[in-house]
Amino acid sequence: MTDEPLNVLMRGGDPATESGYGDHPERVGFFTDTSICIGCKACEVACKEWNEVPDDLVGWAGSSHDNSEGLGADRWRHVAFIEQRLPLGTRASNFKRDGGDFRWLMESDVCKHCTHAACLDACPTGAIFRTEFGTVVVQPDICNGCGYCVPACPYGVLDKREDDGRIFKCTLCYDRLGEGQEPACAKACPTDSIQFGPLEELRERAGDRVRELHERGVGEARLYGEDPDDGVGGAGAFFLLLDEPEVYGLPPDPVVTTRSLPGTWKRVGIAAGALLAGAAACFAGPGRR
Amino acid sequence: MSRRRADRDRNFPREEHPGDSYYGRPIINPPVWEEREIAGYLFTGGLAGASSILAAGADLTGRPTLARGSRAMATGAIGISLLALVKDLGRPERFLNMLRVFKPTSPMSVGVWILAAYSPLAAGAAASDFSGRMPRAGRAAGLGAAGLGSAVATYTAALISNTAVPAWHEGRGELPFLFAGSAASAAAGWGLVVAPLSENKPAVRMAIIGAAVELGAERLMERHLGMIAETLHDGRAGRCLRLAKALTAAGATSAGLLARRNRLGAIAAGAALLTGSALTRFGIFEAGMTSARDPKYTVEPQRARSERSAPSRVE
C-alpha cells in the first residue's frame with residue numbers, strides 16, 4: 001500500500017510523541033511470559049478489584065479451567081487454559097492423562113495497547129485516546145456506546161457492557177501509572193509471568209528469555225506482538241507463547257484496519273462519482289418522455 | 001433479560017478440544033450492532049442518498065411527480081436512518097458526542113458529518129416542494145442533497161469494511177460499488193412506484209444500470225473473498241442474498257420490459273427492486289456477522305498471508 005497513512009502514527013515514532021505530548025514519560029507496557037504462568041487467575045481478580053469491573057461469570061469454556069471465556073467489557077485480563085497431548089516441556093514428567101503425554105498451556109491475555117490502535121482510529125467521539133504513557137484508554141464520560149471500536153479491534157478486546165451501554169477495556173491501570181504504581185495485574189502476579197515496565201526494556205528482556213528457552217530445548221517458544229514492524233506497529237502488551245497464536249485465541253497476523261482505509265476512501269470517492277455520473281446519464285437524451 | 005453474553009445471539013460453536021482455535025471462540029469480538037437498526041440503515045441510507053440524486057435530475061428535467069416522490073422518500077428514509085442510528089447507541093442521549101470531533105480515520109465520524117450536512121438539505125428540498133415556498137432555495141437544497149447523497153449512499157461501505165470483520169474488510173474493494181448500485185436500484189425502484197409513465201424513463205434506466213452494477217460487484221466480491229465467500233453463500237445470509245439477486249434481476253428486467261408501458265408493471269418492478277436492495281444489505285450484514293463469529297475466517301486467511309510473505313520462517 002503506497003497510500004499516505006491517515007494516522008500520523010503510521011509514519012513511525014513514539015506514539016505519545018506523535019499524539020502531541022511534548023514532554024512525556026517513557027512508553028510502558030506488559031511482557032506476559034506464558035511459560036511461567038501457573039493459571040492462578042490472581043491477575044483477573046486483582047484487575048476486577050482495582051478497577052471495579054463487574055462480575056461476569058459465564059460458565060466453563062470447553063473442558064478446561066477457564067471460566068471467563070475471553071476478553072470483554074467485564075474481563076480486562078483473561079487466563080486461557082489449553083490442554084494438549086504433548087510432552088510437558090523437556091523434563092521427564094509423571095503427569096499423564098489416559099496413559100499419554102499431557103501438557104497445559106496457560107496465558108493471561110490483555111489489551112495489546114497497539115502502536116497503531118484500530119479502536120482509537122475508529123472512535124467517532126474521541127472517547128478513546130492515547131495517554132502520555134503511550135497506552136490506549138476509553139474515557140467512560142465521553143463514550144456513547146456506538147460500538148464501532150468493537151469490531152475494529154483485531155484481537156477482540158473491546159466490548160459493550162450490556163446493562164450500561166458503553167464500551168470498556170483495560171486501561172493499563174492509568175490511575176496507578178499516574179501515581180508511579182505498576183498495574184494491579186502485574187503487582188498480583190506471583191510468578192512474574194506478567195511483567196510491567198518501559199517497553200524497550202521489556203523487549204530486550206523478552207529476547208533474552210526466548211534465547212534462554214531455546215538453549216534449554218524449548219524450541220516452540222516464540223514472541224508475539226513484540227515486532228514494531230508487524231501489522232499493528234508492535235503491541236504495547238506482548239507475549240511469549242509456546243504454540244501458535246490461534247491456539248490461545250490470538251490472531252496469527254493482525255493488521256490494523258485503518259492501514260487500508262485510504263484505499264477504501266478512494267474507492268468510495270470513485271463509486272460516489274460514478275453514482276452521480278451514472279444518474280446524469282439516465283437523464284441524458286432528447287425529450288422528456 | 002440477562003446481560004450475560006452467553007444469552008445473546010453472539011454465541012459461538014463450542015468445541016471440546018482446542019485445535020486451530022481457542023474452544024471455537026471468535027478471535028475478534030463480533031459487532032454489537034442490532035441487525036434491524038444497522039442493516040436497515042445500510043438500506044435506508046442508500047435509498048435516501050440515491051433518491052436525492054434522482055429527485056435533482058427529475059427537478060432539472062421537468063419531471064415534477066418523480067422529483068416530489070423522490071424528495072419525500074429521501075426525507076423519510078434519512079429520518080428513519082437517524083432514528084435507527086441514535087437508537088442503536090449504547091447511550092442514545094449522548095448522540096451529540098459524535099459532533100465533538102472530526103476524524104478522517106473513522107468512517108463513522110465522517111459519516112456523521114455527511115449526515116449532519118445532508119439531512120437538512122434533503123428535508124429542506126422536500127419542504128419547499130410540498131409547500132411551494134422558496135422554490136429557488138428548494139432547488140438549491142435539492143442539488144446539494146444530490147451531491148451529498150452520493151456520499152451518503154457509498155460511505156457506508158467504508159463504515160463496515162473498516163473493521164476486522166473478515167467478510168466486510170476483505171470486500172472493501174467491491175462494497176463501495178455494490179452499495180452504490182444497490183442504492184441506485186432502490187431509489188429507481190421507488191421512482192417507478194411513484195412516477196407516472198410519462199416521467200419514469202430515467203428511473204427505468206437507473207434501475208437497469210444500478211441492478212447491473214450491484215450484481216456485478218457482488219459477483220466480483222464472491223470471487224475475491226476466497227474461503228470467506230462461504231459466508232455469502234451459506235445459512236441465512238446465503239438465503240437473503242440469493243433472494244435479493246433474484247428480485248433485483250427480475251425487477252430490472254421487468255422495469256426494462258414493462259415499466260414504460262404499464263403502470264402496474266412499473267410498480268411491481270419497483271417493489272421487487274426495493275425488496276432486493278434491502279435483502280442485499282441484510283445479507284451482507286449477516287455474512288459479516290457469520291465471518292466474525294467463526295474463528296476460521298479470521299485465522300485461515302491471516303495464516304495464508306503470513307506464510308506467503310515469510311515462506312521459510314524459522315521459529
# chains A, B, ... in the order shown; residues from 1 in each chain; ligands from 1

$ residues_around --residues "Cys114 (chain A)" --least-positions-apart "3" --cutoff "8 Å" --atoms "only C-alpha atoms" --output "PyMOL selection string"
chain A and resi 117+135-136+232-237

$ write_last_selection --atoms "N, CA and C atoms" --output "short mmCIF file (atom, residue, chain, number, x, y, z; two decimals), in the first residue's frame"
data_model
loop_
_atom_site.label_atom_id
_atom_site.label_comp_id
_atom_site.auth_asym_id
_atom_site.auth_seq_id
_atom_site.Cartn_x
_atom_site.Cartn_y
_atom_site.Cartn_z
N ALA A 117 -3.48 1.77 16.86
CA ALA A 117 -4.66 1.19 17.50
C ALA A 117 -5.90 1.44 16.66
N THR A 135 -0.19 4.40 26.13
CA THR A 135 -1.25 3.39 26.21
C THR A 135 -2.55 3.95 25.63
N VAL A 136 -3.55 3.07 25.50
CA VAL A 136 -4.82 3.44 24.87
C VAL A 136 -5.94 3.25 25.89
N VAL A 232 0.31 -4.06 13.56
CA VAL A 232 -0.20 -3.01 14.44
C VAL A 232 0.94 -2.11 14.93
N GLY A 233 2.10 -2.20 14.25
CA GLY A 233 3.23 -1.36 14.64
C GLY A 233 3.86 -1.79 15.95
N GLY A 234 3.61 -3.03 16.34
CA GLY A 234 4.11 -3.52 17.62
C GLY A 234 3.10 -3.28 18.72
N ALA A 235 2.90 -4.29 19.56
CA ALA A 235 1.94 -4.17 20.65
C ALA A 235 2.64 -3.62 21.89
N GLY A 236 1.91 -2.81 22.64
CA GLY A 236 2.43 -2.34 23.92
C GLY A 236 2.38 -3.43 24.98
N ALA A 237 1.51 -4.42 24.74
CA ALA A 237 1.46 -5.61 25.60
C ALA A 237 1.74 -6.80 24.71
#

$ closest_atom_pairs --of "chain A" --to "chain B" --cutoff "6 Å" --atoms "only C-alpha atoms" --output "JSON lines"
{"residue": "A:Leu6", "atom": "CA", "partner": "B:Thr105", "partner_atom": "CA", "distance": 5.9}
{"residue": "A:Gly62", "atom": "CA", "partner": "B:Glu16", "partner_atom": "CA", "distance": 5.1}
{"residue": "A:Asp121", "atom": "CA", "partner": "B:Thr105", "partner_atom": "CA", "distance": 5.3}
{"residue": "A:Ala122", "atom": "CA", "partner": "B:Ser106", "partner_atom": "CA", "distance": 4.3}
{"residue": "A:Pro124", "atom": "CA", "partner": "B:Ser109", "partner_atom": "CA", "distance": 4.5}
{"residue": "A:Thr125", "atom": "CA", "partner": "B:Met98", "partner_atom": "CA", "distance": 4.8}
{"residue": "A:Asn144", "atom": "CA", "partner": "B:Arg91", "partner_atom": "CA", "distance": 4.9}
{"residue": "A:Gly145", "atom": "CA", "partner": "B:Gly90", "partner_atom": "CA", "distance": 4.0}
{"residue": "A:Cys146", "atom": "CA", "partner": "B:Leu89", "partner_atom": "CA", "distance": 4.7}
{"residue": "A:Pro151", "atom": "CA", "partner": "B:Pro31", "partner_atom": "CA", "distance": 5.1}
{"residue": "A:Ala152", "atom": "CA", "partner": "B:Thr163", "partner_atom": "CA", "distance": 4.1}
{"residue": "A:Pro154", "atom": "CA", "partner": "B:Ala164", "partner_atom": "CA", "distance": 5.3}
{"residue": "A:Tyr155", "atom": "CA", "partner": "B:Ile28", "partner_atom": "CA", "distance": 5.3}
{"residue": "A:Gly156", "atom": "CA", "partner": "B:Ile28", "partner_atom": "CA", "distance": 3.7}
{"residue": "A:Glu162", "atom": "CA", "partner": "B:Arg3", "partner_atom": "CA", "distance": 5.4}
{"residue": "A:Asp163", "atom": "CA", "partner": "B:Arg3", "partner_atom": "CA", "distance": 6.0}
{"residue": "A:Gly165", "atom": "CA", "partner": "B:Gly90", "partner_atom": "CA", "distance": 3.7}
{"residue": "A:Arg166", "atom": "CA", "partner": "B:Gly90", "partner_atom": "CA", "distance": 5.6}
{"residue": "A:Glu246", "atom": "CA", "partner": "B:Ser21", "partner_atom": "CA", "distance": 5.2}
{"residue": "A:Val247", "atom": "CA", "partner": "B:Ser21", "partner_atom": "CA", "distance": 5.0}
{"residue": "A:Tyr248", "atom": "CA", "partner": "B:Tyr22", "partner_atom": "CA", "distance": 5.6}
{"residue": "A:Gly249", "atom": "CA", "partner": "B:Tyr22", "partner_atom": "CA", "distance": 4.7}
{"residue": "A:Asp253", "atom": "CA", "partner": "B:Gln302", "partner_atom": "CA", "distance": 5.3}
{"residue": "A:Thr257", "atom": "CA", "partner": "B:Asn162", "partner_atom": "CA", "distance": 5.6}
{"residue": "A:Val268", "atom": "CA", "partner": "B:Pro176", "partner_atom": "CA", "distance": 5.2}
{"residue": "A:Ala271", "atom": "CA", "partner": "B:Phe177", "partner_atom": "CA", "distance": 5.4}
{"residue": "A:Ala272", "atom": "CA", "partner": "B:Ser150", "partner_atom": "CA", "distance": 4.8}
{"residue": "A:Cys282", "atom": "CA", "partner": "B:Pro202", "partner_atom": "CA", "distance": 4.9}
{"residue": "A:Phe283", "atom": "CA", "partner": "B:Pro202", "partner_atom": "CA", "distance": 5.4}
{"residue": "A:Arg289", "atom": "CA", "partner": "B:Ser198", "partner_atom": "CA", "distance": 5.5}

$ write_last_selection --atoms "C-alpha atoms" --output "tab-separated table (two decimals), in the first residue's frame"
chain	number	residue	atom	x	y	z
A	6	LEU	CA	-4.37	8.76	7.59
A	62	GLY	CA	-14.55	-26.13	26.87
A	121	ASP	CA	-8.74	5.43	14.91
A	122	ALA	CA	-12.34	4.22	14.65
A	124	PRO	CA	-16.01	8.83	16.37
A	125	THR	CA	-16.37	10.72	19.66
A	144	ASN	CA	-21.71	6.94	23.75
A	145	GLY	CA	-21.66	3.23	23.08
A	146	CYS	CA	-21.66	3.40	19.27
A	151	PRO	CA	-15.25	-4.99	15.51
A	152	ALA	CA	-12.36	-2.62	14.68
A	154	PRO	CA	-8.26	-7.24	15.50
A	155	TYR	CA	-7.81	-9.00	18.86
A	156	GLY	CA	-11.38	-8.95	20.19
A	162	GLU	CA	-24.86	-4.62	28.01
A	163	ASP	CA	-26.55	-3.16	31.09
A	165	GLY	CA	-24.35	0.62	27.07
A	166	ARG	CA	-20.77	1.83	26.99
A	246	GLU	CA	-4.56	-19.05	17.30
A	247	VAL	CA	-4.29	-21.87	19.87
A	248	TYR	CA	-4.54	-19.14	22.52
A	249	GLY	CA	-7.34	-17.37	20.65
A	253	ASP	CA	-1.16	-11.92	11.69
A	257	THR	CA	-7.82	-1.98	9.62
A	268	VAL	CA	-15.81	5.25	-2.08
A	271	ALA	CA	-18.20	4.93	-6.51
A	272	ALA	CA	-19.88	8.18	-5.39
A	282	CYS	CA	-30.02	8.28	-17.10
A	283	PHE	CA	-31.45	11.76	-17.76
A	289	ARG	CA	-40.68	11.09	-22.37

$ closest_atom_pairs --of "region 119-210 of chain A" --to "region 28-32 of chain A" --cutoff "10 Å" --atoms "only C-alpha atoms" --output "Markdown table"
| residue | atom | partner | partner_atom | distance |
| --- | --- | --- | --- | --- |
| A:Glu132 | CA | A:Val28 | CA | 9.7 |
| A:Phe133 | CA | A:Val28 | CA | 6.0 |
| A:Gly134 | CA | A:Val28 | CA | 6.8 |
| A:Thr135 | CA | A:Val28 | CA | 7.4 |
| A:Leu172 | CA | A:Gly29 | CA | 7.8 |
| A:Leu177 | CA | A:Val28 | CA | 9.3 |
| A:Glu182 | CA | A:Val28 | CA | 10.0 |
| A:Pro183 | CA | A:Phe30 | CA | 9.3 |
| A:Cys185 | CA | A:Phe30 | CA | 10.0 |
| A:Ala186 | CA | A:Phe30 | CA | 8.2 |
| A:Asp192 | CA | A:Thr32 | CA | 8.3 |
| A:Ser193 | CA | A:Thr32 | CA | 5.4 |
| A:Ile194 | CA | A:Thr32 | CA | 4.4 |
| A:Gln195 | CA | A:Phe31 | CA | 5.1 |
| A:Phe196 | CA | A:Phe30 | CA | 4.7 |
| A:Gly197 | CA | A:Val28 | CA | 5.4 |
| A:Pro198 | CA | A:Val28 | CA | 4.2 |
| A:Leu199 | CA | A:Val28 | CA | 4.9 |
| A:Glu200 | CA | A:Val28 | CA | 8.3 |
| A:Glu201 | CA | A:Val28 | CA | 9.2 |
| A:Leu202 | CA | A:Phe31 | CA | 6.1 |
| A:Arg203 | CA | A:Phe31 | CA | 7.7 |
| A:Arg205 | CA | A:Phe31 | CA | 8.7 |
| A:Ala206 | CA | A:Phe31 | CA | 7.2 |

$ select_by_dssp --residues "region 37-277 of chain A" --states "strand (DSSP E or B)" --output "count of residues only"
45

$ residues_around --residues "Ser128 (chain B)" --least-positions-apart "6" --cutoff "10 Å" --atoms "only C-alpha atoms" --output "PyMOL selection string"
chain B and resi 68+134-139+141-142

$ select_by_dssp --residues "region 155-305 of chain B" --states "alpha helix (DSSP H)" --output "count of residues only"
124

$ atom_distance --atom1 "CA of Val110 (chain A)" --atom2 "CA of Glu226 (chain A)"
14.3 Å

$ atom_distance --atom1 "CA of Met73 (chain B)" --atom2 "CA of Gly251 (chain B)"
19.1 Å

$ residues_around --residues "Leu120 (chain A)" --least-positions-apart "2" --cutoff "8 Å" --atoms "only C-alpha atoms" --output "number ranges by chain"
A: 117-118, 122-123, 126, 128-130, 136, 149

$ atom_distance --atom1 "CA of Lys41 (chain A)" --atom2 "CA of Thr191 (chain A)"
11.6 Å

$ residues_around --residues "Cys170 (chain A)" --least-positions-apart "4" --cutoff "9 Å" --atoms "only C-alpha atoms" --output "PyMOL selection string"
chain A and resi 47+51+73+75-77+110-111+113+136-138+157-158

$ residues_around --residues "Gly270 (chain B)" --least-positions-apart "3" --cutoff "9 Å" --atoms "only C-alpha atoms" --output "number ranges by chain"
B: 185-193, 207, 251-252, 255, 259, 265-267, 273-275
